[in-house]
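Novice: Quick one, structure.txt (compact mmCIF, C-alpha atoms):
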# COMPACT_ATOMS: atom_id res chain seq x y z
CA MET A 30 -14.09 -25.36 -3.66
CA GLU A 31 -12.44 -24.54 -6.96
CA HIS A 32 -14.74 -24.12 -9.95
CA PRO A 33 -14.13 -25.43 -13.47
CA VAL A 34 -11.88 -23.06 -15.39
CA THR A 35 -13.64 -22.60 -18.71
CA ALA A 36 -16.78 -23.25 -20.70
CA GLY A 37 -15.66 -23.10 -24.31
CA SER A 38 -13.92 -19.74 -24.59
CA CYS A 39 -15.46 -18.45 -21.30
CA ARG A 40 -14.21 -18.81 -17.76
CA PHE A 41 -16.79 -19.74 -15.16
CA TYR A 42 -17.41 -16.99 -12.65
CA PRO A 43 -16.82 -16.79 -9.73
CA PHE A 44 -13.40 -18.40 -9.99
CA SER A 45 -13.63 -19.83 -6.46
CA ASP A 46 -15.96 -19.57 -3.48
CA ARG A 47 -13.63 -17.72 -1.12
CA THR A 48 -15.37 -15.47 1.39
CA ASP A 49 -12.31 -14.17 3.27
CA LEU A 50 -10.17 -11.19 2.23
CA ASN A 51 -7.99 -13.11 -0.24
CA ILE A 52 -9.01 -12.66 -3.87
CA ASP A 53 -8.51 -15.36 -6.46
CA PRO A 54 -5.19 -15.18 -8.38
CA THR A 55 -7.15 -15.47 -11.63
CA TYR A 56 -7.86 -11.74 -11.37
CA GLY A 57 -4.13 -11.02 -11.56
CA GLU A 58 -3.77 -13.23 -14.62
CA LEU A 59 -6.62 -11.43 -16.35
CA ARG A 60 -5.24 -7.97 -15.53
CA SER A 61 -2.00 -9.05 -17.20
CA LYS A 62 -3.28 -10.96 -20.21
CA GLU A 63 -7.01 -10.36 -20.74
CA PRO A 64 -8.19 -7.26 -18.87
CA VAL A 65 -11.65 -7.35 -20.49
CA ALA A 66 -12.47 -11.05 -20.33
CA ARG A 67 -15.49 -13.11 -21.32
CA VAL A 68 -16.97 -14.97 -18.30
CA ARG A 69 -19.96 -17.22 -17.75
CA MET A 70 -21.95 -15.83 -14.83
CA PRO A 71 -23.79 -18.15 -12.42
CA TYR A 72 -27.10 -16.64 -13.58
CA GLY A 73 -28.22 -15.23 -16.93
CA GLY A 74 -25.39 -16.17 -19.29
CA ASP A 75 -22.10 -14.52 -20.34
CA ALA A 76 -20.68 -11.10 -19.50
CA TRP A 77 -17.53 -9.04 -19.96
CA LEU A 78 -15.45 -8.84 -16.77
CA VAL A 79 -13.33 -5.69 -16.29
CA THR A 80 -10.32 -6.12 -13.98
CA ARG A 81 -7.92 -3.17 -14.50
CA HIS A 82 -8.12 0.10 -12.58
CA ALA A 83 -8.08 2.48 -15.57
CA ASP A 84 -10.65 0.44 -17.49
CA ALA A 85 -12.95 0.20 -14.48
CA LYS A 86 -12.84 3.95 -13.85
CA LYS A 87 -13.51 4.69 -17.50
CA ALA A 88 -16.36 2.22 -17.82
CA LEU A 89 -18.01 3.09 -14.50
CA SER A 90 -18.33 6.68 -15.74
CA ASP A 91 -19.63 5.73 -19.20
CA PRO A 92 -23.38 6.47 -19.51
CA ARG A 93 -23.60 3.88 -22.30
CA LEU A 94 -23.13 1.18 -19.62
CA SER A 95 -26.40 1.25 -17.73
CA ILE A 96 -27.59 -0.54 -14.60
CA ALA A 97 -31.14 0.63 -15.30
CA ALA A 98 -31.09 -1.09 -18.71
CA GLY A 99 -30.73 -4.47 -17.00
CA ALA A 100 -33.04 -3.87 -14.04
CA GLY A 101 -35.86 -6.39 -13.75
CA ARG A 102 -34.39 -8.54 -16.55
CA ASP A 103 -32.69 -11.93 -16.51
CA VAL A 104 -29.30 -10.48 -17.39
CA PRO A 105 -25.96 -12.16 -16.62
CA ARG A 106 -25.30 -11.57 -12.92
CA ALA A 107 -23.64 -12.92 -9.78
CA SER A 108 -26.77 -13.12 -7.61
CA PRO A 109 -29.91 -15.20 -8.21
CA ARG A 110 -32.09 -12.16 -7.54
CA LEU A 111 -32.84 -9.71 -10.33
CA GLN A 112 -31.76 -6.10 -9.96
CA GLU A 113 -34.84 -4.25 -8.74
CA PRO A 114 -36.16 -1.79 -11.37
CA ASP A 115 -37.53 0.47 -8.65
CA GLY A 116 -34.42 0.34 -6.44
CA LEU A 117 -32.01 3.29 -6.33
CA MET A 118 -29.37 1.53 -8.43
CA GLY A 119 -31.91 0.51 -11.06
CA LEU A 120 -33.46 3.93 -11.64
CA PRO A 121 -33.00 5.83 -14.91
CA PRO A 122 -30.11 8.35 -14.73
CA ASP A 123 -32.26 11.47 -14.25
CA ALA A 124 -34.30 9.97 -11.41
CA HIS A 125 -31.18 8.50 -9.82
CA ALA A 126 -29.40 11.87 -9.89
CA ARG A 127 -32.46 13.65 -8.42
CA LEU A 128 -32.68 11.31 -5.44
CA ARG A 129 -28.92 11.43 -4.84
CA ARG A 130 -29.03 15.22 -4.72
CA LEU A 131 -31.79 15.06 -2.15
CA VAL A 132 -29.97 12.63 0.15
CA ALA A 133 -26.51 14.15 -0.38
CA THR A 134 -27.38 17.07 1.90
CA ALA A 135 -27.09 14.67 4.86
CA PHE A 136 -23.52 13.73 3.94
CA THR A 137 -21.90 17.07 3.15
CA PRO A 138 -18.32 17.51 4.46
CA LYS A 139 -19.58 20.01 7.05
CA ARG A 140 -22.29 17.70 8.37
CA VAL A 141 -19.82 14.83 8.64
CA ARG A 142 -17.31 17.06 10.46
CA ASP A 143 -20.05 18.19 12.83
CA ILE A 144 -20.91 14.65 13.91
CA ALA A 145 -17.27 13.51 14.24
CA PRO A 146 -17.11 14.18 18.01
CA ARG A 147 -20.29 12.16 18.52
CA VAL A 148 -18.89 9.21 16.54
CA VAL A 149 -15.73 9.21 18.69
CA GLN A 150 -17.85 9.52 21.84
CA LEU A 151 -19.89 6.45 20.88
CA ALA A 152 -16.75 4.48 19.98
CA ASP A 153 -15.35 5.31 23.42
CA LYS A 154 -18.59 4.25 25.08
CA LEU A 155 -18.50 0.91 23.28
CA LEU A 156 -14.86 0.43 24.31
CA ASP A 157 -15.79 1.24 27.91
CA ASP A 158 -18.13 -1.75 27.86
CA VAL A 159 -15.48 -3.94 26.19
CA VAL A 160 -12.87 -3.06 28.82
CA GLU A 161 -15.33 -3.47 31.69
CA THR A 162 -16.39 -6.93 30.48
CA GLY A 163 -12.77 -7.90 29.91
CA PRO A 164 -11.15 -10.23 27.39
CA PRO A 165 -11.87 -12.07 25.27
CA ALA A 166 -14.12 -9.70 23.35
CA ASP A 167 -15.88 -10.03 20.00
CA LEU A 168 -15.20 -6.83 18.08
CA VAL A 169 -17.91 -7.60 15.51
CA GLN A 170 -20.74 -7.58 18.04
CA GLN A 171 -19.14 -5.14 20.49
CA LEU A 172 -17.76 -2.45 18.15
CA ALA A 173 -17.87 -2.96 14.38
CA LEU A 174 -21.62 -3.53 14.12
CA PRO A 175 -23.09 -1.33 16.87
CA LEU A 176 -21.11 1.82 16.01
CA PRO A 177 -22.51 2.45 12.50
CA VAL A 178 -25.95 1.21 13.62
CA MET A 179 -25.98 3.78 16.45
CA ILE A 180 -24.94 6.57 14.08
CA ILE A 181 -27.53 5.84 11.39
CA CYS A 182 -30.23 5.45 14.07
CA GLU A 183 -29.35 8.87 15.47
CA MET A 184 -29.22 10.47 12.03
CA MET A 185 -32.60 9.02 11.09
CA GLY A 186 -34.13 9.65 14.50
CA ILE A 187 -34.85 5.96 15.17
CA GLY A 188 -34.45 4.26 18.52
CA TYR A 189 -31.49 1.90 18.79
CA ASP A 190 -33.84 -0.71 20.25
CA GLU A 191 -35.48 -0.95 16.82
CA GLN A 192 -32.27 -1.97 15.08
CA HIS A 193 -33.23 -5.66 15.04
CA LEU A 194 -36.09 -4.77 12.69
CA PHE A 195 -33.94 -3.31 9.94
CA ARG A 196 -30.97 -5.60 10.53
CA ALA A 197 -33.12 -8.64 9.72
CA PHE A 198 -34.14 -6.97 6.47
CA SER A 199 -30.54 -5.97 5.78
CA ASP A 200 -29.30 -9.54 6.16
CA ALA A 201 -31.94 -10.79 3.72
CA LEU A 202 -31.30 -8.00 1.21
CA MET A 203 -27.53 -8.55 1.27
CA SER A 204 -27.93 -12.30 0.79
CA SER A 205 -26.72 -13.92 -2.39
CA THR A 206 -27.61 -17.53 -1.61
CA ARG A 207 -28.07 -17.69 2.19
CA TYR A 208 -31.82 -17.07 2.05
CA THR A 209 -34.45 -18.37 -0.35
CA ALA A 210 -36.39 -16.01 -2.60
CA GLU A 211 -39.45 -16.59 -0.42
CA GLN A 212 -37.52 -15.64 2.73
CA VAL A 213 -36.23 -12.47 1.08
CA ASP A 214 -39.71 -11.53 -0.12
CA ARG A 215 -41.11 -12.02 3.39
CA ALA A 216 -38.35 -9.89 4.89
CA VAL A 217 -39.13 -7.13 2.39
CA GLU A 218 -42.85 -7.29 3.22
CA ASP A 219 -42.17 -7.11 6.96
CA PHE A 220 -39.77 -4.21 6.49
CA VAL A 221 -42.13 -2.22 4.29
CA GLU A 222 -44.81 -2.67 6.97
CA TYR A 223 -42.36 -1.42 9.62
CA LEU A 224 -41.41 1.58 7.47
CA GLY A 225 -45.08 2.40 6.94
CA GLY A 226 -45.56 2.68 10.69
CA LEU A 227 -42.38 4.71 11.06
CA LEU A 228 -43.43 7.19 8.39
CA ALA A 229 -46.89 7.50 9.91
CA GLN A 230 -45.27 8.47 13.23
CA ARG A 231 -43.21 11.15 11.50
CA ARG A 232 -46.25 12.58 9.80
CA ALA A 233 -48.07 12.78 13.13
CA HIS A 234 -45.08 14.31 14.93
CA ARG A 235 -42.62 16.16 12.67
CA THR A 236 -38.92 16.04 13.55
CA ASP A 237 -35.76 17.73 12.28
CA ASP A 238 -33.79 14.50 11.71
CA LEU A 239 -33.01 12.92 8.33
CA LEU A 240 -36.21 10.89 8.25
CA GLY A 241 -38.22 14.00 9.03
CA ALA A 242 -36.51 15.80 6.16
CA LEU A 243 -37.40 13.00 3.75
CA VAL A 244 -41.03 13.05 4.87
CA GLU A 245 -41.09 16.81 4.36
CA ALA A 246 -39.63 16.38 0.86
CA ARG A 247 -42.47 13.97 0.11
CA ASP A 248 -45.40 15.75 1.75
CA ASP A 249 -44.48 19.42 1.51
CA GLY A 250 -41.91 19.68 -1.25
CA ASP A 251 -43.41 17.12 -3.65
CA ARG A 252 -39.88 16.01 -4.52
CA LEU A 253 -40.46 12.33 -3.71
CA THR A 254 -43.11 9.78 -4.55
CA GLU A 255 -44.31 7.55 -1.73
CA ASP A 256 -42.44 4.58 -3.21
CA GLU A 257 -39.27 6.66 -3.44
CA LEU A 258 -39.66 7.73 0.18
CA VAL A 259 -39.91 4.11 1.32
CA MET A 260 -37.00 3.07 -0.92
CA LEU A 261 -34.70 5.84 0.32
CA THR A 262 -35.54 5.25 3.97
CA GLY A 263 -34.84 1.54 3.65
CA GLY A 264 -31.70 2.14 1.60
CA LEU A 265 -30.27 4.55 4.16
CA LEU A 266 -30.94 2.18 7.05
CA VAL A 267 -29.27 -0.73 5.26
CA GLY A 268 -26.48 1.15 3.51
CA GLY A 269 -25.82 3.20 6.63
CA HIS A 270 -24.47 0.27 8.61
CA GLU A 271 -24.05 -3.06 6.77
CA THR A 272 -21.02 -2.35 4.60
CA THR A 273 -19.27 -0.10 7.14
CA ALA A 274 -19.60 -2.72 9.87
CA SER A 275 -18.03 -5.31 7.56
CA GLN A 276 -15.16 -2.97 6.72
CA ILE A 277 -14.45 -2.03 10.34
CA ALA A 278 -14.06 -5.68 11.33
CA SER A 279 -12.04 -6.58 8.22
CA GLN A 280 -9.66 -3.68 8.70
CA ILE A 281 -9.08 -4.45 12.38
CA PHE A 282 -8.35 -8.04 11.38
CA LEU A 283 -5.76 -6.91 8.81
CA LEU A 284 -4.06 -4.73 11.43
CA LEU A 285 -3.92 -7.60 13.93
CA ARG A 286 -2.94 -10.21 11.35
CA ASP A 287 0.43 -8.43 11.30
CA ARG A 288 0.62 -6.60 14.62
CA THR A 289 3.43 -4.33 13.44
CA ARG A 290 0.70 -2.49 11.51
CA TYR A 291 -1.38 -1.99 14.65
CA GLU A 292 1.67 -0.96 16.65
CA GLN A 293 2.55 1.58 13.97
CA LEU A 294 -0.85 3.25 14.32
CA HIS A 295 -0.64 3.21 18.11
CA ALA A 296 2.72 4.99 17.90
CA ARG A 297 1.64 7.36 15.12
CA PRO A 298 -2.12 7.97 15.31
CA GLU A 299 -1.79 10.77 12.74
CA LEU A 300 -1.36 7.98 10.15
CA ILE A 301 -4.85 6.60 10.73
CA PRO A 302 -6.67 8.48 7.92
CA THR A 303 -4.04 7.42 5.37
CA ALA A 304 -3.97 3.89 6.78
CA VAL A 305 -7.75 3.56 6.46
CA GLU A 306 -7.49 4.47 2.76
CA GLU A 307 -4.94 1.70 2.28
CA LEU A 308 -7.04 -0.79 4.22
CA LEU A 309 -10.06 0.15 2.11
CA ARG A 310 -7.95 -0.66 -0.95
CA VAL A 311 -6.73 -4.07 0.21
CA ALA A 312 -9.80 -5.32 2.14
CA PRO A 313 -12.33 -6.23 -0.56
CA LEU A 314 -15.87 -5.52 0.56
CA TRP A 315 -17.89 -7.34 -2.08
CA ALA A 316 -17.78 -11.11 -2.32
CA SER A 317 -17.94 -10.87 -6.12
CA VAL A 318 -18.76 -8.31 -8.80
CA GLY A 319 -21.37 -5.60 -8.29
CA PRO A 320 -24.51 -4.82 -10.31
CA THR A 321 -24.43 -5.74 -13.98
CA ARG A 322 -24.41 -2.95 -16.54
CA ILE A 323 -25.86 -3.34 -20.03
CA ALA A 324 -24.33 -1.60 -23.06
CA THR A 325 -26.95 0.63 -24.67
CA GLU A 326 -24.83 0.99 -27.81
CA ASP A 327 -21.60 -0.39 -29.25
CA LEU A 328 -18.42 0.79 -27.52
CA GLU A 329 -14.76 -0.15 -27.15
CA LEU A 330 -12.95 -0.82 -23.89
CA ASN A 331 -9.20 -1.51 -23.90
CA GLY A 332 -9.32 -2.82 -27.46
CA THR A 333 -12.36 -5.02 -26.87
CA THR A 334 -15.56 -4.31 -28.77
CA ILE A 335 -18.62 -4.46 -26.55
CA ARG A 336 -21.87 -4.70 -28.50
CA ALA A 337 -25.16 -3.09 -27.61
CA GLY A 338 -26.99 -5.44 -25.27
CA ASP A 339 -23.81 -7.02 -23.86
CA ALA A 340 -23.47 -7.34 -20.10
CA VAL A 341 -20.45 -5.84 -18.30
CA VAL A 342 -19.35 -6.48 -14.71
CA PHE A 343 -16.49 -5.01 -12.68
CA SER A 344 -14.19 -6.29 -9.96
CA LEU A 345 -13.32 -3.34 -7.72
CA ALA A 346 -11.10 -5.65 -5.67
CA SER A 347 -9.07 -6.52 -8.76
CA ALA A 348 -8.84 -2.88 -9.87
CA ASN A 349 -7.49 -1.97 -6.44
CA GLN A 350 -4.72 -4.56 -6.85
CA ASP A 351 -3.50 -3.13 -10.17
CA ASP A 352 0.31 -2.82 -10.10
CA ASP A 353 0.17 -0.24 -12.88
CA VAL A 354 -1.48 2.14 -10.39
CA PHE A 355 -0.32 0.93 -6.97
CA ALA A 356 3.37 0.15 -6.51
CA ASN A 357 3.78 -3.22 -4.76
CA ALA A 358 0.01 -3.53 -4.83
CA ALA A 359 0.00 -6.81 -2.88
CA ASP A 360 1.64 -5.10 0.12
CA VAL A 361 -0.19 -3.17 2.84
CA VAL A 362 1.52 0.23 2.94
CA LEU A 363 -0.16 2.25 5.68
CA ASP A 364 1.34 5.56 4.56
CA ARG A 365 0.64 5.05 0.84
CA ASP A 366 0.05 8.42 -0.77
CA PRO A 367 -1.50 9.06 -3.22
CA ASN A 368 -3.99 6.23 -3.06
CA PRO A 369 -6.60 6.48 -5.85
CA HIS A 370 -8.48 3.31 -4.89
CA ILE A 371 -12.06 2.81 -6.02
CA ALA A 372 -13.33 0.87 -3.01
CA PHE A 373 -16.38 3.16 -2.92
CA GLY A 374 -16.96 2.81 -6.66
CA HIS A 375 -16.63 5.57 -9.22
CA GLY A 376 -18.86 7.73 -11.36
CA PRO A 377 -22.57 8.41 -10.81
CA HIS A 378 -22.97 5.43 -8.45
CA TYR A 379 -20.06 6.41 -6.17
CA CYS A 380 -21.06 5.61 -2.58
CA ILE A 381 -22.95 8.61 -1.26
CA GLY A 382 -22.04 7.78 2.35
CA ALA A 383 -18.31 7.36 1.75
CA SER A 384 -17.32 10.31 3.96
CA LEU A 385 -19.41 8.99 6.86
CA ALA A 386 -18.00 5.47 6.43
CA ARG A 387 -14.46 6.85 6.51
CA LEU A 388 -15.23 8.76 9.70
CA GLU A 389 -16.70 5.71 11.44
CA ILE A 390 -13.80 3.42 10.44
CA GLN A 391 -11.23 5.98 11.54
CA ALA A 392 -13.02 6.46 14.87
CA ALA A 393 -13.20 2.71 15.55
CA ILE A 394 -9.54 2.05 14.72
CA GLY A 395 -8.32 5.23 16.40
CA THR A 396 -10.17 4.47 19.63
CA LEU A 397 -8.79 0.93 19.73
CA ALA A 398 -5.21 2.02 19.01
CA ARG A 399 -5.40 4.74 21.68
CA ARG A 400 -6.94 2.65 24.43
CA LEU A 401 -5.82 -0.94 23.85
CA PRO A 402 -2.17 -0.96 22.70
CA GLY A 403 -1.84 -4.65 23.55
CA LEU A 404 -4.78 -5.73 21.38
CA ARG A 405 -4.27 -9.02 19.53
CA LEU A 406 -6.27 -11.86 18.01
CA ALA A 407 -7.58 -14.34 20.58
CA VAL A 408 -7.67 -17.23 18.07
CA GLU A 409 -5.56 -18.42 15.17
CA GLU A 410 -6.40 -16.86 11.82
CA ASN A 411 -7.61 -20.18 10.42
CA GLU A 412 -10.17 -20.40 13.25
CA LEU A 413 -11.96 -17.24 12.16
CA GLU A 414 -15.31 -17.80 10.44
CA TRP A 415 -16.46 -15.74 7.47
CA ASN A 416 -20.09 -15.35 6.50
CA LYS A 417 -21.16 -17.42 3.50
CA GLY A 418 -23.91 -16.81 0.97
CA MET A 419 -23.70 -13.03 1.35
CA MET A 420 -22.84 -10.23 -1.08
CA VAL A 421 -20.26 -8.73 1.28
CA ARG A 422 -17.20 -10.31 2.81
CA SER A 423 -17.70 -10.20 6.56
CA LEU A 424 -16.54 -11.93 9.70
CA VAL A 425 -19.00 -13.84 11.84
CA SER A 426 -16.98 -12.78 14.88
CA LEU A 427 -13.57 -11.26 15.66
CA PRO A 428 -12.32 -12.62 19.02
CA VAL A 429 -9.57 -10.46 20.56
CA THR A 430 -7.69 -10.14 23.81
CA TRP A 431 -5.23 -7.61 25.25
In structure tokens, write the structure found in this file.

Specialist:
Amino acid sequence: MEHPVTAGSCRFYPFSDRTDLNIDPTYGELRSKEPVARVRMPYGGDAWLVTRHADAKKALSDPRLSIAAGAGRDVPRASPRLQEPDGLMGLPPDAHARLRRLVATAFTPKRVRDIAPRVVQLADKLLDDVVETGPPADLVQQLALPLPVMIICEMMGIGYDEQHLFRAFSDALMSSTRYTAEQVDRAVEDFVEYLGGLLAQRRAHRTDDLLGALVEARDDGDRLTEDELVMLTGGLLVGGHETTASQIASQIFLLLRDRTRYEQLHARPELIPTAVEELLRVAPLWASVGPTRIATEDLELNGTTIRAGDAVVFSLASANQDDDVFANAADVVLDRDPNPHIAFGHGPHYCIGASLARLEIQAAIGTLARRLPGLRLAVEENELEWNKGMMVRSLVSLPVTW
């Protein structure tokens, strides 16, 4: 469905209701003619939409544009739910930085390198089951989703058989319109109850996994409040699998949409890390803009004056299609280098698990390319179903054969 174009001098946002990997051409028009554009958001009123790469990087690093300033308020936004004031994204800068420093120890380059063999081992195990069952296979349910779930369960020290408990919460939390406010609230209540039991177990029997470290930081180090402990645990369980699973499936789809790409990686597996960076650039994760930021004082962005109190939103997908930064930006160039995409964001809210996500995507694609050179889509592209009413762009299933 196409939406009306303007309301007075504002464009209605979103420009269309696409949920696949194609972004609306309006973004390209705005990058060219109106890179900081006034838009009417579906909730809360009007905002400034930033579409160019340089502007997005500059603004995402500007402390005068604050997520915390809009948390808990009816600010212009893409989702009906308010940004939680006590969520990680909505915390004041000092508190946000403190919690990031605490969690960052789990995602250091050395720790990620150390678990790389285990990630590949699990990807191989999942592919063993796929091959044994035979085609057709669904790579969402049989690879893209279980791989990051297995990894975050192992890191947190949680049994894989408990994944249904946090996946139900994750689906509700990542909903834009699929679930009602009452359904989301119930999912949160159920999840907080589950986390309470989990934390009680850790306090009774200490462990050396990530969850044990967080409990120690709360009980022994006094570096976390109880609410922060619950928030971080839930955030790691959700963030540790939901977005990566979506990206794994989307990237495999892009490789199979034009099989010469997949064949290139089978022939030259050393290209996989560079190829994953390019696929991160061209496969938009978010269905629309991310959290709204509120200007805490007047500022200027690309010649546009943004007043204190104004709302600002960013399209990372549009920024990653900027021809001023990426030559032939519409093309998928698997050996593109350099590739300064901002798929993981930029600035103080840069994705803390980016290195782990990269590792998991590379392992999934690398294992497929090594073991199933004949892999191809089992249905026509127009038969694929994309999830609706969610914050991320994700496939319902990805049927393949070989």

Novice: From the options A:His82, A:Arg235, A:Lys154, A:Arg290, which residue's atoms come nearest to Ser347 in chain A, counting all atoms listed in the file?

Specialist: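 Smallest separation from Ser347 in chain A among the options: A:His82.
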
Novice: Near Phe343 in chain A, within 10 Å and counting only C-alpha atoms, which residues show up once chain neighbours fewer than 4 positions away are dropped, as number ranges by chain?

Specialist: A: 65, 77-82, 84-86, 88-89, 317-322, 347-348, 374

Novice: Could the residues in this selection be written to a file with C-alpha atoms, as a short mmCIF file (atom, residue, chain, number, x, y, z; two decimals), in the frame of the given file?

Specialist:
data_model
loop_
_atom_site.label_atom_id
_atom_site.label_comp_id
_atom_site.auth_asym_id
_atom_site.auth_seq_id
_atom_site.Cartn_x
_atom_site.Cartn_y
_atom_site.Cartn_z
CA VAL A 65 -11.65 -7.35 -20.49
CA TRP A 77 -17.53 -9.04 -19.96
CA LEU A 78 -15.45 -8.84 -16.77
CA VAL A 79 -13.33 -5.69 -16.29
CA THR A 80 -10.32 -6.12 -13.98
CA ARG A 81 -7.92 -3.17 -14.50
CA HIS A 82 -8.12 0.10 -12.58
CA ASP A 84 -10.65 0.44 -17.49
CA ALA A 85 -12.95 0.20 -14.48
CA LYS A 86 -12.84 3.95 -13.85
CA ALA A 88 -16.36 2.22 -17.82
CA LEU A 89 -18.01 3.09 -14.50
CA SER A 317 -17.94 -10.87 -6.12
CA VAL A 318 -18.76 -8.31 -8.80
CA GLY A 319 -21.37 -5.60 -8.29
CA PRO A 320 -24.51 -4.82 -10.31
CA THR A 321 -24.43 -5.74 -13.98
CA ARG A 322 -24.41 -2.95 -16.54
CA SER A 347 -9.07 -6.52 -8.76
CA ALA A 348 -8.84 -2.88 -9.87
CA GLY A 374 -16.96 2.81 -6.66
#

Novice: Quick one: residues within 12 Å of range 136-153 of chain A, only C-alpha atoms, excluding same-chain residues fewer than 3 positions away - as a PyMOL selection string?

Specialist: chain A and resi 129-133+156-160+168+171-181+183-184+239+265+269+277+380-401

Novice: How about saving the chosen residues, C-alpha atoms kept, as a compact mmCIF listing (two decimals), keeping the file's coordinate frame?

Specialist:
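File written: again.txt
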# COMPACT_ATOMS: atom_id res chain seq x y z
CA ARG A 129 -28.92 11.43 -4.84
CA ARG A 130 -29.03 15.22 -4.72
CA LEU A 131 -31.79 15.06 -2.15
CA VAL A 132 -29.97 12.63 0.15
CA ALA A 133 -26.51 14.15 -0.38
CA LEU A 156 -14.86 0.43 24.31
CA ASP A 157 -15.79 1.24 27.91
CA ASP A 158 -18.13 -1.75 27.86
CA VAL A 159 -15.48 -3.94 26.19
CA VAL A 160 -12.87 -3.06 28.82
CA LEU A 168 -15.20 -6.83 18.08
CA GLN A 171 -19.14 -5.14 20.49
CA LEU A 172 -17.76 -2.45 18.15
CA ALA A 173 -17.87 -2.96 14.38
CA LEU A 174 -21.62 -3.53 14.12
CA PRO A 175 -23.09 -1.33 16.87
CA LEU A 176 -21.11 1.82 16.01
CA PRO A 177 -22.51 2.45 12.50
CA VAL A 178 -25.95 1.21 13.62
CA MET A 179 -25.98 3.78 16.45
CA ILE A 180 -24.94 6.57 14.08
CA ILE A 181 -27.53 5.84 11.39
CA GLU A 183 -29.35 8.87 15.47
CA MET A 184 -29.22 10.47 12.03
CA LEU A 239 -33.01 12.92 8.33
CA LEU A 265 -30.27 4.55 4.16
CA GLY A 269 -25.82 3.20 6.63
CA ILE A 277 -14.45 -2.03 10.34
CA CYS A 380 -21.06 5.61 -2.58
CA ILE A 381 -22.95 8.61 -1.26
CA GLY A 382 -22.04 7.78 2.35
CA ALA A 383 -18.31 7.36 1.75
CA SER A 384 -17.32 10.31 3.96
CA LEU A 385 -19.41 8.99 6.86
CA ALA A 386 -18.00 5.47 6.43
CA ARG A 387 -14.46 6.85 6.51
CA LEU A 388 -15.23 8.76 9.70
CA GLU A 389 -16.70 5.71 11.44
CA ILE A 390 -13.80 3.42 10.44
CA GLN A 391 -11.23 5.98 11.54
CA ALA A 392 -13.02 6.46 14.87
CA ALA A 393 -13.20 2.71 15.55
CA ILE A 394 -9.54 2.05 14.72
CA GLY A 395 -8.32 5.23 16.40
CA THR A 396 -10.17 4.47 19.63
CA LEU A 397 -8.79 0.93 19.73
CA ALA A 398 -5.21 2.02 19.01
CA ARG A 399 -5.40 4.74 21.68
CA ARG A 400 -6.94 2.65 24.43
CA LEU A 401 -5.82 -0.94 23.85

Novice: Extract, using only C-alpha atoms, all DNA, RNA and protein residues at most 10 Å from Leu300 in chain A, discarding same-chain residues fewer than 5 positions from it, and format them as a ChimeraX atom specification.

Specialist: /A:293-295,305,363-365,395

Novice: Give as a list of chain:residue names every residue, naming chains and numbers as the document does, that has an atom within 12 Å of (-39.2, -13.7, -1.0), counting only C-alpha atoms.

Specialist: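 Those residues lying close to the given coordinates are A:Pro109, A:Arg110, A:Leu111, A:Phe198, A:Ala201, A:Leu202, A:Ser204, A:Tyr208, A:Thr209, A:Ala210, A:Glu211, A:Gln212, A:Val213, A:Asp214, A:Arg215, A:Ala216, A:Val217, A:Glu218, A:Asp219.
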
Novice: With a distance cut-off of 10 Å and all atoms listed in the file, select the neighbouring residues of Gly338 in chain A, excluding the residue or stretch itself and same-chain residues fewer than 6 positions from it, and output the selection as an mmCIF file with C-alpha atoms, keeping the file's coordinate frame.

Specialist:
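Full text of part.cif as output:
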data_model
loop_
_atom_site.group_PDB
_atom_site.id
_atom_site.type_symbol
_atom_site.label_atom_id
_atom_site.label_comp_id
_atom_site.auth_asym_id
_atom_site.auth_seq_id
_atom_site.Cartn_x
_atom_site.Cartn_y
_atom_site.Cartn_z
ATOM 1 C CA LEU A 94 -23.130 1.180 -19.620
ATOM 2 C CA ALA A 98 -31.090 -1.090 -18.710
ATOM 3 C CA GLY A 99 -30.730 -4.470 -17.000
ATOM 4 C CA VAL A 104 -29.300 -10.480 -17.390
ATOM 5 C CA ARG A 322 -24.410 -2.950 -16.540
ATOM 6 C CA ILE A 323 -25.860 -3.340 -20.030
ATOM 7 C CA ALA A 324 -24.330 -1.600 -23.060
ATOM 8 C CA THR A 325 -26.950 0.630 -24.670
ATOM 9 C CA GLU A 326 -24.830 0.990 -27.810
ATOM 10 C CA ASP A 327 -21.600 -0.390 -29.250
#

Novice: One decimal, Å: what's the distance from CA of Pro377 in chain A over to CA of Ala340 in chain A, could you say?

Specialist: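 CA of Pro377 in chain A sits 18.3 Å away from CA of Ala340 in chain A.
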
Novice: Would you compute an axis-aligned box for range 327-336 of chain A, covering every atom listed for it in the file with 5 Å of margin on each side, and report centre and edge lengths in Å to one decimal as AutoDock Vina command-line options?

Specialist:
--center_x -15.5 --center_y -2.1 --center_z -26.6 --size_x 22.7 --size_y 15.8 --size_z 15.4

Novice: So how many Å separate CA of Val311 in chain A and CA of Asn349 in chain A, to one decimal?

Specialist: 7.0 Å

Novice: What separation in Å, quoted to one decimal, exists between CA of Leu404 in chain A and CA of Val429 in chain A?

Specialist: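 Value for the CA of Leu404 in chain A-CA of Val429 in chain A distance: 6.8 Å.
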
Novice: Quick one: residues within 12 Å of Asp351 in chain A, all atoms listed in the file counted, chain neighbours fewer than 6 positions away excluded, as a ChimeraX atom specification?

Specialist: /A:56-61,64,79-85,310-311,344-345,357-360,368-371

Novice: With distances taken over all atoms listed in the file, which residue among A:Ser199, A:Thr162, A:Thr134, A:Asn331 lies nearest Leu243 in chain A?

Specialist: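 Of the candidates, the smallest distance to Leu243 in chain A is held by A:Thr134.
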
Novice: Using only C-alpha atoms, which residue out of A:Cys182, A:Leu258, A:Ala312, A:Leu117 lies closest to Arg196 in chain A?

Specialist: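 The answer is A:Cys182, which sits nearest to Arg196 in chain A.
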